[in-house]
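Text of the file structure.txt, holding compact mmCIF, N, CA and C atoms and all ligand atoms:
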```
# COMPACT_ATOMS: atom_id res chain seq x y z
N MET A 27 0.84 -1.20 0.00
CA MET A 27 0.00 0.00 0.00
C MET A 27 0.88 1.25 0.00
N ALA A 28 0.58 2.16 -0.85
CA ALA A 28 1.40 3.37 -0.96
C ALA A 28 0.97 4.39 0.09
N THR A 29 1.94 5.00 0.69
CA THR A 29 1.66 6.07 1.65
C THR A 29 2.22 7.36 1.08
N VAL A 30 1.40 8.37 1.06
CA VAL A 30 1.85 9.66 0.57
C VAL A 30 2.14 10.54 1.77
N LEU A 31 3.35 11.02 1.85
CA LEU A 31 3.73 11.88 2.96
C LEU A 31 3.66 13.33 2.50
N ILE A 32 2.89 14.10 3.20
CA ILE A 32 2.86 15.54 2.94
C ILE A 32 3.63 16.20 4.06
N ARG A 33 4.69 16.88 3.70
CA ARG A 33 5.53 17.51 4.72
C ARG A 33 4.76 18.63 5.42
N ALA A 34 5.19 18.94 6.61
CA ALA A 34 4.59 20.08 7.32
C ALA A 34 4.81 21.32 6.46
N PRO A 35 3.78 22.15 6.32
CA PRO A 35 3.94 23.29 5.43
C PRO A 35 5.02 24.25 5.93
N SER A 36 5.81 24.70 4.98
CA SER A 36 6.84 25.68 5.32
C SER A 36 7.03 26.57 4.11
N ILE A 37 7.67 27.71 4.33
CA ILE A 37 7.92 28.64 3.23
C ILE A 37 9.20 28.20 2.53
N ASP A 38 9.11 28.00 1.22
CA ASP A 38 10.30 27.66 0.44
C ASP A 38 10.98 28.97 0.02
N PRO A 39 12.14 29.25 0.60
CA PRO A 39 12.78 30.55 0.32
C PRO A 39 13.15 30.74 -1.15
N LYS A 40 13.16 29.64 -1.92
CA LYS A 40 13.44 29.75 -3.36
C LYS A 40 12.36 30.57 -4.06
N TYR A 41 11.13 30.54 -3.52
CA TYR A 41 10.00 31.19 -4.19
C TYR A 41 9.51 32.43 -3.47
N ALA A 42 10.06 32.70 -2.27
CA ALA A 42 9.62 33.87 -1.50
C ALA A 42 10.63 34.98 -1.68
N CYS A 43 10.15 36.20 -1.85
CA CYS A 43 11.04 37.34 -2.05
C CYS A 43 11.25 38.13 -0.77
N PHE A 44 10.50 37.77 0.27
CA PHE A 44 10.63 38.44 1.57
C PHE A 44 10.63 37.38 2.65
N LYS A 45 11.02 37.80 3.86
CA LYS A 45 11.00 36.87 4.99
C LYS A 45 9.55 36.67 5.43
N LEU A 46 9.09 35.43 5.36
CA LEU A 46 7.70 35.09 5.71
C LEU A 46 7.72 33.93 6.70
N SER A 47 6.65 33.80 7.46
CA SER A 47 6.55 32.66 8.36
C SER A 47 5.13 32.12 8.38
N ILE A 48 4.98 30.89 8.82
CA ILE A 48 3.67 30.26 8.95
C ILE A 48 3.35 30.16 10.44
N ARG A 49 2.20 30.71 10.82
CA ARG A 49 1.79 30.70 12.23
C ARG A 49 0.29 30.48 12.33
N GLU A 50 -0.19 30.29 13.55
CA GLU A 50 -1.63 30.25 13.81
C GLU A 50 -2.27 31.51 13.26
N SER A 51 -3.48 31.36 12.72
CA SER A 51 -4.17 32.50 12.14
C SER A 51 -5.52 32.72 12.81
N ARG A 52 -5.94 33.97 12.87
CA ARG A 52 -7.27 34.28 13.37
C ARG A 52 -8.31 33.87 12.34
N ILE A 53 -7.95 33.87 11.08
CA ILE A 53 -8.92 33.61 10.02
C ILE A 53 -9.22 32.12 9.91
N HIS A 54 -8.18 31.32 9.81
CA HIS A 54 -8.40 29.89 9.55
C HIS A 54 -7.12 29.13 9.82
N ARG A 55 -7.14 28.25 10.81
CA ARG A 55 -6.01 27.37 11.10
C ARG A 55 -4.67 28.11 11.13
N ARG A 56 -3.92 27.94 10.04
CA ARG A 56 -2.61 28.60 9.95
C ARG A 56 -2.64 29.64 8.87
N GLY A 57 -1.74 30.58 8.96
CA GLY A 57 -1.64 31.59 7.93
C GLY A 57 -0.19 31.96 7.70
N VAL A 58 0.04 32.78 6.69
CA VAL A 58 1.39 33.24 6.37
C VAL A 58 1.52 34.70 6.79
N TYR A 59 2.61 35.02 7.45
CA TYR A 59 2.83 36.36 7.99
C TYR A 59 4.10 36.98 7.42
N ALA A 60 4.05 38.30 7.26
CA ALA A 60 5.24 39.05 6.84
C ALA A 60 6.18 39.15 8.03
N GLU A 61 7.41 38.77 7.87
CA GLU A 61 8.41 38.89 8.92
C GLU A 61 9.30 40.11 8.69
N GLU A 62 8.99 40.84 7.62
CA GLU A 62 9.67 42.11 7.38
C GLU A 62 8.72 42.99 6.57
N HIS A 63 9.00 44.28 6.52
CA HIS A 63 8.17 45.23 5.78
C HIS A 63 8.20 44.88 4.29
N ILE A 64 7.03 44.86 3.66
CA ILE A 64 6.94 44.58 2.22
C ILE A 64 6.38 45.83 1.54
N PRO A 65 7.12 46.43 0.63
CA PRO A 65 6.61 47.60 -0.09
C PRO A 65 5.45 47.22 -1.02
N ALA A 66 4.69 48.20 -1.48
CA ALA A 66 3.58 47.96 -2.40
C ALA A 66 4.10 47.49 -3.76
N ARG A 67 3.24 46.74 -4.46
CA ARG A 67 3.49 46.31 -5.85
C ARG A 67 4.80 45.54 -6.02
N ARG A 68 5.08 44.66 -5.09
CA ARG A 68 6.27 43.82 -5.22
C ARG A 68 5.84 42.36 -5.24
N LYS A 69 6.61 41.55 -5.97
CA LYS A 69 6.37 40.11 -5.94
C LYS A 69 6.73 39.60 -4.54
N VAL A 70 5.78 38.91 -3.91
CA VAL A 70 6.00 38.44 -2.53
C VAL A 70 6.36 36.96 -2.53
N ILE A 71 5.60 36.16 -3.24
CA ILE A 71 5.88 34.72 -3.30
C ILE A 71 5.23 34.16 -4.55
N GLU A 72 5.79 33.10 -5.08
CA GLU A 72 5.17 32.38 -6.20
C GLU A 72 4.41 31.19 -5.65
N TYR A 73 3.20 30.99 -6.16
CA TYR A 73 2.39 29.82 -5.79
C TYR A 73 2.85 28.64 -6.65
N THR A 74 3.38 27.62 -6.02
CA THR A 74 3.85 26.46 -6.78
C THR A 74 3.06 25.23 -6.36
N GLY A 75 3.17 24.18 -7.15
CA GLY A 75 2.51 22.93 -6.83
C GLY A 75 2.54 22.01 -8.03
N GLU A 76 2.01 20.83 -7.80
CA GLU A 76 1.95 19.86 -8.88
C GLU A 76 0.94 20.33 -9.92
N ARG A 77 1.30 20.22 -11.19
CA ARG A 77 0.40 20.65 -12.27
C ARG A 77 -0.52 19.50 -12.62
N ILE A 78 -1.82 19.69 -12.48
CA ILE A 78 -2.76 18.60 -12.73
C ILE A 78 -3.84 19.02 -13.73
N SER A 79 -4.42 18.01 -14.37
CA SER A 79 -5.40 18.24 -15.44
C SER A 79 -6.78 18.52 -14.85
N ARG A 80 -7.71 18.88 -15.73
CA ARG A 80 -9.07 19.20 -15.31
C ARG A 80 -9.73 18.01 -14.61
N ARG A 81 -9.56 16.81 -15.17
CA ARG A 81 -10.20 15.64 -14.58
C ARG A 81 -9.63 15.35 -13.19
N GLU A 82 -8.29 15.42 -13.06
CA GLU A 82 -7.65 15.16 -11.78
C GLU A 82 -8.04 16.23 -10.76
N THR A 83 -8.25 17.45 -11.22
CA THR A 83 -8.67 18.54 -10.33
C THR A 83 -10.02 18.23 -9.72
N GLN A 84 -10.94 17.71 -10.55
CA GLN A 84 -12.27 17.36 -10.04
C GLN A 84 -12.18 16.28 -8.98
N ARG A 85 -11.27 15.30 -9.22
CA ARG A 85 -11.12 14.20 -8.27
C ARG A 85 -10.59 14.73 -6.93
N ARG A 86 -9.54 15.54 -6.99
CA ARG A 86 -8.91 16.03 -5.75
C ARG A 86 -9.74 17.09 -5.05
N GLY A 87 -10.58 17.77 -5.81
CA GLY A 87 -11.38 18.86 -5.23
C GLY A 87 -12.39 18.38 -4.22
N ASP A 88 -12.62 17.07 -4.13
CA ASP A 88 -13.59 16.52 -3.19
C ASP A 88 -13.06 16.45 -1.76
N GLY A 89 -11.78 16.58 -1.58
CA GLY A 89 -11.18 16.42 -0.25
C GLY A 89 -11.64 17.50 0.72
N ASP A 90 -11.33 17.28 1.98
CA ASP A 90 -11.73 18.19 3.04
C ASP A 90 -10.97 19.52 2.93
N ILE A 91 -9.67 19.40 2.84
CA ILE A 91 -8.83 20.58 2.70
C ILE A 91 -8.09 20.43 1.39
N THR A 92 -8.25 21.41 0.52
CA THR A 92 -7.55 21.32 -0.76
C THR A 92 -6.77 22.60 -0.97
N TYR A 93 -5.73 22.47 -1.74
CA TYR A 93 -4.89 23.62 -2.05
C TYR A 93 -4.78 23.71 -3.57
N LEU A 94 -5.91 23.99 -4.19
CA LEU A 94 -5.92 24.00 -5.65
C LEU A 94 -6.00 25.44 -6.15
N PHE A 95 -5.21 25.73 -7.16
CA PHE A 95 -5.23 27.07 -7.75
C PHE A 95 -5.38 26.91 -9.25
N THR A 96 -6.45 27.47 -9.80
CA THR A 96 -6.72 27.34 -11.23
C THR A 96 -5.77 28.24 -12.02
N LEU A 97 -5.03 27.60 -12.91
CA LEU A 97 -4.05 28.34 -13.72
C LEU A 97 -4.72 28.86 -14.99
N ASP A 98 -5.46 27.98 -15.66
CA ASP A 98 -6.19 28.38 -16.87
C ASP A 98 -7.33 27.37 -17.07
N ASP A 99 -7.92 27.35 -18.26
CA ASP A 99 -9.07 26.49 -18.50
C ASP A 99 -8.77 25.01 -18.28
N TYR A 100 -7.51 24.63 -18.39
CA TYR A 100 -7.21 23.21 -18.30
C TYR A 100 -6.38 22.85 -17.08
N TRP A 101 -5.37 23.64 -16.77
CA TRP A 101 -4.42 23.25 -15.72
C TRP A 101 -4.71 23.90 -14.39
N THR A 102 -4.43 23.11 -13.34
CA THR A 102 -4.56 23.58 -11.98
C THR A 102 -3.26 23.23 -11.26
N LEU A 103 -2.85 24.05 -10.30
CA LEU A 103 -1.71 23.69 -9.47
C LEU A 103 -2.23 23.20 -8.13
N ASP A 104 -1.71 22.06 -7.67
CA ASP A 104 -2.08 21.53 -6.36
C ASP A 104 -0.93 21.80 -5.40
N GLY A 105 -1.13 22.81 -4.55
CA GLY A 105 -0.09 23.24 -3.61
C GLY A 105 0.19 22.23 -2.51
N ALA A 106 -0.65 21.19 -2.39
CA ALA A 106 -0.39 20.16 -1.37
C ALA A 106 0.87 19.37 -1.72
N PHE A 107 1.25 19.39 -3.00
CA PHE A 107 2.45 18.68 -3.45
C PHE A 107 3.40 19.67 -4.10
N GLY A 108 4.53 19.89 -3.45
CA GLY A 108 5.50 20.83 -4.00
C GLY A 108 5.11 22.28 -3.81
N GLY A 109 4.28 22.53 -2.82
CA GLY A 109 3.84 23.91 -2.57
C GLY A 109 4.96 24.75 -1.97
N SER A 110 4.97 26.03 -2.33
CA SER A 110 6.02 26.94 -1.85
C SER A 110 5.70 27.47 -0.46
N GLY A 111 4.50 27.18 0.05
CA GLY A 111 4.01 27.79 1.30
C GLY A 111 2.91 28.79 0.99
N ALA A 112 2.85 29.26 -0.25
CA ALA A 112 1.81 30.22 -0.64
C ALA A 112 0.42 29.60 -0.52
N GLU A 113 0.34 28.27 -0.57
CA GLU A 113 -0.97 27.60 -0.48
C GLU A 113 -1.58 27.77 0.92
N ILE A 114 -0.77 28.20 1.90
CA ILE A 114 -1.27 28.39 3.26
C ILE A 114 -1.89 29.78 3.43
N ILE A 115 -1.64 30.68 2.47
CA ILE A 115 -2.16 32.05 2.57
C ILE A 115 -3.69 32.02 2.56
N ASN A 116 -4.30 32.65 3.55
CA ASN A 116 -5.75 32.63 3.70
C ASN A 116 -6.45 33.62 2.77
N HIS A 117 -7.75 33.35 2.59
CA HIS A 117 -8.60 34.26 1.82
C HIS A 117 -9.02 35.45 2.67
N SER A 118 -9.11 36.61 2.06
CA SER A 118 -9.80 37.74 2.68
C SER A 118 -10.55 38.48 1.59
N CYS A 119 -11.71 39.07 1.96
CA CYS A 119 -12.45 39.87 1.00
C CYS A 119 -11.78 41.23 0.80
N GLN A 120 -10.85 41.57 1.69
CA GLN A 120 -10.09 42.82 1.56
C GLN A 120 -8.61 42.46 1.71
N PRO A 121 -8.05 41.80 0.70
CA PRO A 121 -6.72 41.21 0.83
C PRO A 121 -5.60 42.23 0.67
N ASN A 122 -4.41 41.86 1.12
CA ASN A 122 -3.25 42.73 0.89
C ASN A 122 -2.37 42.21 -0.27
N LEU A 123 -2.77 41.07 -0.85
CA LEU A 123 -2.07 40.55 -2.03
C LEU A 123 -3.07 40.36 -3.16
N ARG A 124 -2.57 40.38 -4.39
CA ARG A 124 -3.38 39.95 -5.52
C ARG A 124 -2.56 38.91 -6.28
N SER A 125 -3.27 38.03 -6.98
CA SER A 125 -2.54 37.03 -7.74
C SER A 125 -2.50 37.45 -9.18
N CYS A 126 -1.44 37.11 -9.86
CA CYS A 126 -1.42 37.33 -11.30
C CYS A 126 -0.64 36.20 -11.96
N VAL A 127 -1.15 35.77 -13.11
CA VAL A 127 -0.55 34.65 -13.81
C VAL A 127 0.32 35.20 -14.93
N ILE A 128 1.61 34.90 -14.89
CA ILE A 128 2.53 35.36 -15.91
C ILE A 128 3.27 34.15 -16.48
N ARG A 129 3.05 33.90 -17.75
CA ARG A 129 3.70 32.78 -18.45
C ARG A 129 3.65 31.48 -17.63
N GLY A 130 2.46 31.13 -17.17
CA GLY A 130 2.28 29.86 -16.47
C GLY A 130 2.72 29.87 -15.02
N HIS A 131 3.17 31.01 -14.52
CA HIS A 131 3.55 31.12 -13.11
C HIS A 131 2.51 31.96 -12.38
N ILE A 132 2.13 31.50 -11.19
CA ILE A 132 1.19 32.26 -10.37
C ILE A 132 1.99 33.06 -9.35
N LEU A 133 1.91 34.38 -9.46
CA LEU A 133 2.66 35.26 -8.56
C LEU A 133 1.70 35.99 -7.64
N TYR A 134 2.08 36.12 -6.38
CA TYR A 134 1.33 36.93 -5.43
C TYR A 134 2.07 38.25 -5.27
N ILE A 135 1.37 39.34 -5.57
CA ILE A 135 1.94 40.68 -5.59
C ILE A 135 1.29 41.50 -4.46
N SER A 136 2.07 42.31 -3.77
CA SER A 136 1.51 43.15 -2.70
C SER A 136 0.67 44.27 -3.31
N LYS A 137 -0.56 44.46 -2.79
CA LYS A 137 -1.45 45.51 -3.29
C LYS A 137 -1.11 46.85 -2.65
N ARG A 138 -0.51 46.78 -1.48
CA ARG A 138 -0.13 47.99 -0.73
C ARG A 138 1.06 47.59 0.14
N ALA A 139 1.64 48.58 0.84
CA ALA A 139 2.72 48.26 1.77
C ALA A 139 2.16 47.40 2.90
N ILE A 140 2.91 46.37 3.28
CA ILE A 140 2.46 45.45 4.32
C ILE A 140 3.47 45.51 5.47
N PRO A 141 3.02 45.96 6.66
CA PRO A 141 3.97 46.05 7.77
C PRO A 141 4.36 44.66 8.29
N ARG A 142 5.50 44.62 8.90
CA ARG A 142 5.97 43.39 9.51
C ARG A 142 4.95 42.90 10.55
N GLY A 143 4.67 41.60 10.54
CA GLY A 143 3.75 41.03 11.52
C GLY A 143 2.33 40.88 11.02
N GLU A 144 2.01 41.48 9.86
CA GLU A 144 0.65 41.36 9.32
C GLU A 144 0.48 40.04 8.56
N GLU A 145 -0.73 39.48 8.69
CA GLU A 145 -1.01 38.25 7.94
C GLU A 145 -1.23 38.58 6.46
N LEU A 146 -0.68 37.74 5.60
CA LEU A 146 -0.88 37.91 4.16
C LEU A 146 -2.20 37.26 3.77
N THR A 147 -2.95 37.94 2.91
CA THR A 147 -4.22 37.39 2.44
C THR A 147 -4.39 37.69 0.96
N VAL A 148 -5.22 36.86 0.33
CA VAL A 148 -5.49 37.02 -1.09
C VAL A 148 -6.97 36.68 -1.30
N ASP A 149 -7.61 37.25 -2.31
CA ASP A 149 -9.01 36.92 -2.59
C ASP A 149 -9.04 35.66 -3.45
N TYR A 150 -9.60 34.58 -2.90
CA TYR A 150 -9.64 33.31 -3.65
C TYR A 150 -10.57 33.40 -4.86
N CYS A 151 -11.53 34.33 -4.83
CA CYS A 151 -12.44 34.51 -5.96
C CYS A 151 -13.08 33.20 -6.43
N PHE A 152 -13.59 32.41 -5.52
CA PHE A 152 -14.30 31.19 -5.93
C PHE A 152 -15.47 31.59 -6.82
N ALA A 153 -15.74 30.78 -7.83
CA ALA A 153 -16.86 31.08 -8.75
C ALA A 153 -18.17 31.00 -7.97
N LYS A 154 -19.17 31.79 -8.43
CA LYS A 154 -20.44 31.74 -7.70
C LYS A 154 -21.22 30.48 -8.03
N GLU A 155 -20.83 29.77 -9.10
CA GLU A 155 -21.55 28.56 -9.51
C GLU A 155 -21.19 27.37 -8.63
N VAL A 156 -20.01 27.39 -7.97
CA VAL A 156 -19.61 26.22 -7.18
C VAL A 156 -20.18 26.36 -5.77
N GLU A 157 -20.07 25.27 -5.02
CA GLU A 157 -20.62 25.23 -3.66
C GLU A 157 -20.14 26.43 -2.85
N SER A 158 -21.06 27.05 -2.16
CA SER A 158 -20.76 28.27 -1.42
C SER A 158 -19.97 27.96 -0.14
N VAL A 159 -18.89 28.73 0.09
CA VAL A 159 -18.04 28.54 1.26
C VAL A 159 -18.12 29.80 2.12
N PRO A 160 -18.58 29.67 3.37
CA PRO A 160 -18.71 30.87 4.21
C PRO A 160 -17.35 31.50 4.50
N CYS A 161 -17.32 32.84 4.58
CA CYS A 161 -16.07 33.56 4.83
C CYS A 161 -16.07 34.13 6.24
N ARG A 162 -14.95 34.02 6.91
CA ARG A 162 -14.82 34.61 8.25
C ARG A 162 -13.60 35.52 8.29
N CYS A 163 -13.38 36.25 7.20
CA CYS A 163 -12.16 37.06 7.13
C CYS A 163 -12.21 38.25 8.08
N GLY A 164 -13.43 38.67 8.46
CA GLY A 164 -13.54 39.76 9.44
C GLY A 164 -13.30 41.15 8.87
N SER A 165 -13.12 41.28 7.55
CA SER A 165 -12.91 42.61 7.00
C SER A 165 -14.25 43.35 6.91
N ARG A 166 -14.20 44.68 6.87
CA ARG A 166 -15.41 45.49 6.94
C ARG A 166 -16.36 45.18 5.78
N ASN A 167 -15.80 44.95 4.61
CA ASN A 167 -16.67 44.69 3.46
C ASN A 167 -16.68 43.22 3.09
N CYS A 168 -16.70 42.35 4.11
CA CYS A 168 -16.74 40.90 3.86
C CYS A 168 -18.01 40.56 3.09
N ARG A 169 -17.85 39.73 2.01
CA ARG A 169 -19.01 39.34 1.20
C ARG A 169 -19.87 38.28 1.89
N GLY A 170 -19.30 37.63 2.94
CA GLY A 170 -20.02 36.56 3.61
C GLY A 170 -19.67 35.19 3.08
N THR A 171 -19.21 35.14 1.83
CA THR A 171 -18.76 33.88 1.26
C THR A 171 -17.44 34.11 0.53
N ILE A 172 -16.67 33.03 0.40
CA ILE A 172 -15.42 33.14 -0.36
C ILE A 172 -15.75 33.25 -1.85
N ASN A 173 -16.93 32.76 -2.21
CA ASN A 173 -17.37 32.86 -3.60
C ASN A 173 -17.67 34.31 -3.96
N LEU A 174 -17.49 34.63 -5.21
CA LEU A 174 -17.89 35.96 -5.72
C LEU A 174 -19.40 36.01 -5.78
N LYS A 175 -19.95 37.19 -5.58
CA LYS A 175 -21.42 37.34 -5.64
C LYS A 175 -21.86 37.57 -7.08
ZN ZN B 1 -14.75 37.81 3.87
```

Rewrite the coordinates I just gave you, this time as structure tokens.
Ligand SMILES: [Zn+2]
Amino acid sequence: MATVLIRAPSIDPKYACFKLSIRESRIHRRGVYAEEHIPARRKVIEYTGERISRRETQRRGDGDITYLFTLDDYWTLDGAFGGSGAEIINHSCQPNLRSCVIRGHILYISKRAIPRGEELTVDYCFAKEVESVPCRCGSRNCRGTINLK
């Protein structure tokens, strides 16, 4: 019987441009925190993971906790395998990071200056057609769900 070992999540410094750490989060389980000041509009970390097809994405998407990031119409990255640590970044409706896809790479860019000690967040932008996931980000303009309205 095959056993798949998933290492404890950690930040891979190869993909992080600033000092980051993983700690307990107020939003959800664990989160990623800035360990130094991050200026606005800078690449903070690249989201990495195993590249999987549409069919495999549907299969893995059934799990309890998933770290899937849609790259395009066909490919998805599964951060549970080979993740840089960016897969631990929580959702917020008022995030301090935005994601952008450049030549097949998913980059998390700072939307504004982020002081040391602040939790990093990104808007997951779940489609409104998929199962609704309640949001507890606590931001003033929280949509109530991680899905877009
Ligand atoms: Zn929210």

TODO: Return the single residue from A:Ala106, A:Leu174, A:Cys126, A:Ala112 that is closest to Val58 in chain A, with distances computed using only C-alpha atoms.
DONE: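 Under the stated criterion, the closest residue is A:Ala112.
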
Open item on the list: Could you list, as a count of residues only, all protein and nucleic acid residues with an atom at most 7 Å from ligand ZN 1 (chain B), counting all atoms listed in the file?
Closed with: 16

Task: Contact residues around Thr92 in chain A with only C-alpha atoms at 12 Å, ignoring same-chain residues under 5 positions, as a PyMOL selection string - done: chain A and resi 75+83-87+102-107+109+113-114

Task: Which of chain A DSSP labels alpha helix (DSSP H), written as a list in words - done: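 Those in chain A that DSSP calls alpha helix (DSSP H) are Arg80, Arg81, Glu82, Thr83, Gln84, Arg85 and Arg86 of chain A.
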
Could you write out as JSON the box around range 141-153 of chain A (axis-aligned, all atoms listed in the file, 5 Å on each side), with centre and edge lengths in Å to one decimal?
```
{"center_x": -6.1, "center_y": 38.4, "center_z": 1.4, "size_x": 34.1, "size_y": 25.3, "size_z": 30.3}
```

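The gap separating CA of Arg80 in chain A from atom N of Ile132 in chain A is 17.1 Å, in Å to one decimal.
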
Open item on the list: Could you tell me how far CA of Asn173 in chain A sits from CA of Val159 in chain A, in Å to one decimal place?
Closed with: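 About the pair CA of Val159 in chain A and CA of Asn173 in chain A: they are 6.5 Å apart.
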
- [ ] Can you work out which one of A:Leu146, A:Ala139, A:Asn116, A:Gly130 has the shortest atom-to-atom distance to Ile53 in chain A, counting only C-alpha atoms?
- [x] A:Asn116

- [ ] Give the answer as one residue: which of A:Lys175, A:Arg142, A:Arg124, A:Lys137 has the shortest atom-to-atom distance to Tyr59 in chain A, using all atoms listed in the file?
- [x] A:Arg142

Close residues, Gly57 in chain A itself excluded, 6.5 Å, all atoms listed in the file, min 3 positions apart in chain, as a compact mmCIF listing (two decimals) with N, CA and C atoms, in the coordinates of the input:
```
# COMPACT_ATOMS: atom_id res chain seq x y z
N SER A 47 6.65 33.80 7.46
CA SER A 47 6.55 32.66 8.36
C SER A 47 5.13 32.12 8.38
N ILE A 48 4.98 30.89 8.82
CA ILE A 48 3.67 30.26 8.95
C ILE A 48 3.35 30.16 10.44
N ARG A 49 2.20 30.71 10.82
CA ARG A 49 1.79 30.70 12.23
C ARG A 49 0.29 30.48 12.33
N GLU A 50 -0.19 30.29 13.55
CA GLU A 50 -1.63 30.25 13.81
C GLU A 50 -2.27 31.51 13.26
N SER A 51 -3.48 31.36 12.72
CA SER A 51 -4.17 32.50 12.14
C SER A 51 -5.52 32.72 12.81
N HIS A 54 -8.18 31.32 9.81
CA HIS A 54 -8.40 29.89 9.55
C HIS A 54 -7.12 29.13 9.82
N ILE A 114 -0.77 28.20 1.90
CA ILE A 114 -1.27 28.39 3.26
C ILE A 114 -1.89 29.78 3.43
N ILE A 115 -1.64 30.68 2.47
CA ILE A 115 -2.16 32.05 2.57
C ILE A 115 -3.69 32.02 2.56
N ASN A 116 -4.30 32.65 3.55
CA ASN A 116 -5.75 32.63 3.70
C ASN A 116 -6.45 33.62 2.77
N GLU A 145 -0.73 39.48 8.69
CA GLU A 145 -1.01 38.25 7.94
C GLU A 145 -1.23 38.58 6.46
N LEU A 146 -0.68 37.74 5.60
CA LEU A 146 -0.88 37.91 4.16
C LEU A 146 -2.20 37.26 3.77
```

Task: Residues of chain A in strand (DSSP E or B), written as a PyMOL selection string - done: chain A and resi 42+46-50+56-60+64+69-73+76-78+94-96+102-104+116-117+123-128+131-136+140+145+147-148+152+160+171+173

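Interatomic distance, atom C of Lys40 in chain A to atom C of Asp99 in chain A: 26.1 Å.
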
Open item on the list: Using all atoms listed in the file for the distances, tell me which of A:Arg138, A:Lys45, A:Arg166, A:Arg81 is nearest to Arg67 in chain A.
Closed with: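 Distance minimum relative to Arg67 in chain A lands on A:Arg138.
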
Protein/DNA/RNA residues near (5.8, 44.3, 1.0), cut 8 Å, only N, CA and C atoms, as a CSV table (one decimal) with N, CA and C atoms, in the coordinates of the input:
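Okay, out01.csv is ready:
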```csv
chain,number,residue,atom,x,y,z
A,44,PHE,N,10.5,37.8,0.3
A,44,PHE,CA,10.6,38.4,1.6
A,44,PHE,C,10.6,37.4,2.6
A,60,ALA,N,4.0,38.3,7.3
A,60,ALA,CA,5.2,39.0,6.8
A,60,ALA,C,6.2,39.2,8.0
A,62,GLU,N,9.0,40.8,7.6
A,62,GLU,CA,9.7,42.1,7.4
A,62,GLU,C,8.7,43.0,6.6
A,63,HIS,N,9.0,44.3,6.5
A,63,HIS,CA,8.2,45.2,5.8
A,63,HIS,C,8.2,44.9,4.3
A,64,ILE,N,7.0,44.9,3.7
A,64,ILE,CA,6.9,44.6,2.2
A,64,ILE,C,6.4,45.8,1.5
A,65,PRO,N,7.1,46.4,0.6
A,65,PRO,CA,6.6,47.6,-0.1
A,65,PRO,C,5.4,47.2,-1.0
A,66,ALA,N,4.7,48.2,-1.5
A,66,ALA,CA,3.6,48.0,-2.4
A,66,ALA,C,4.1,47.5,-3.8
A,67,ARG,N,3.2,46.7,-4.5
A,67,ARG,CA,3.5,46.3,-5.8
A,67,ARG,C,4.8,45.5,-6.0
A,68,ARG,N,5.1,44.7,-5.1
A,68,ARG,CA,6.3,43.8,-5.2
A,68,ARG,C,5.8,42.4,-5.2
A,69,LYS,N,6.6,41.6,-6.0
A,69,LYS,CA,6.4,40.1,-5.9
A,69,LYS,C,6.7,39.6,-4.5
A,70,VAL,N,5.8,38.9,-3.9
A,70,VAL,CA,6.0,38.4,-2.5
A,70,VAL,C,6.4,37.0,-2.5
A,135,ILE,N,1.4,39.3,-5.6
A,135,ILE,CA,1.9,40.7,-5.6
A,135,ILE,C,1.3,41.5,-4.5
A,136,SER,N,2.1,42.3,-3.8
A,136,SER,CA,1.5,43.2,-2.7
A,136,SER,C,0.7,44.3,-3.3
A,137,LYS,N,-0.6,44.5,-2.8
A,137,LYS,CA,-1.4,45.5,-3.3
A,137,LYS,C,-1.1,46.8,-2.6
A,138,ARG,N,-0.5,46.8,-1.5
A,138,ARG,CA,-0.1,48.0,-0.7
A,138,ARG,C,1.1,47.6,0.1
A,139,ALA,N,1.6,48.6,0.8
A,139,ALA,CA,2.7,48.3,1.8
A,139,ALA,C,2.2,47.4,2.9
A,140,ILE,N,2.9,46.4,3.3
A,140,ILE,CA,2.5,45.4,4.3
A,140,ILE,C,3.5,45.5,5.5
A,141,PRO,N,3.0,46.0,6.7
A,141,PRO,CA,4.0,46.0,7.8
A,141,PRO,C,4.4,44.7,8.3
A,142,ARG,N,5.5,44.6,8.9
A,142,ARG,CA,6.0,43.4,9.5
A,142,ARG,C,5.0,42.9,10.6
```

Task: Non-local contacts of Glu72 in chain A (5 Å; all atoms listed in the file; under 5 positions in same chain excluded) as number ranges by chain - done: A: 41, 132-134

Open item on the list: When you count all atoms listed in the file, which of these residues is closest to Ser125 in chain A: A:Cys43, A:Gly143, A:Gly108, A:Asp149?
Closed with: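 Ranking A:Cys43, A:Gly143, A:Gly108, A:Asp149 by distance to Ser125 in chain A, first place goes to A:Asp149.
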
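Closest approach to Ser110 in chain A among A:Thr147, A:Thr96, A:Asp38, A:Phe152: A:Asp38, based on only N, CA and C atoms.
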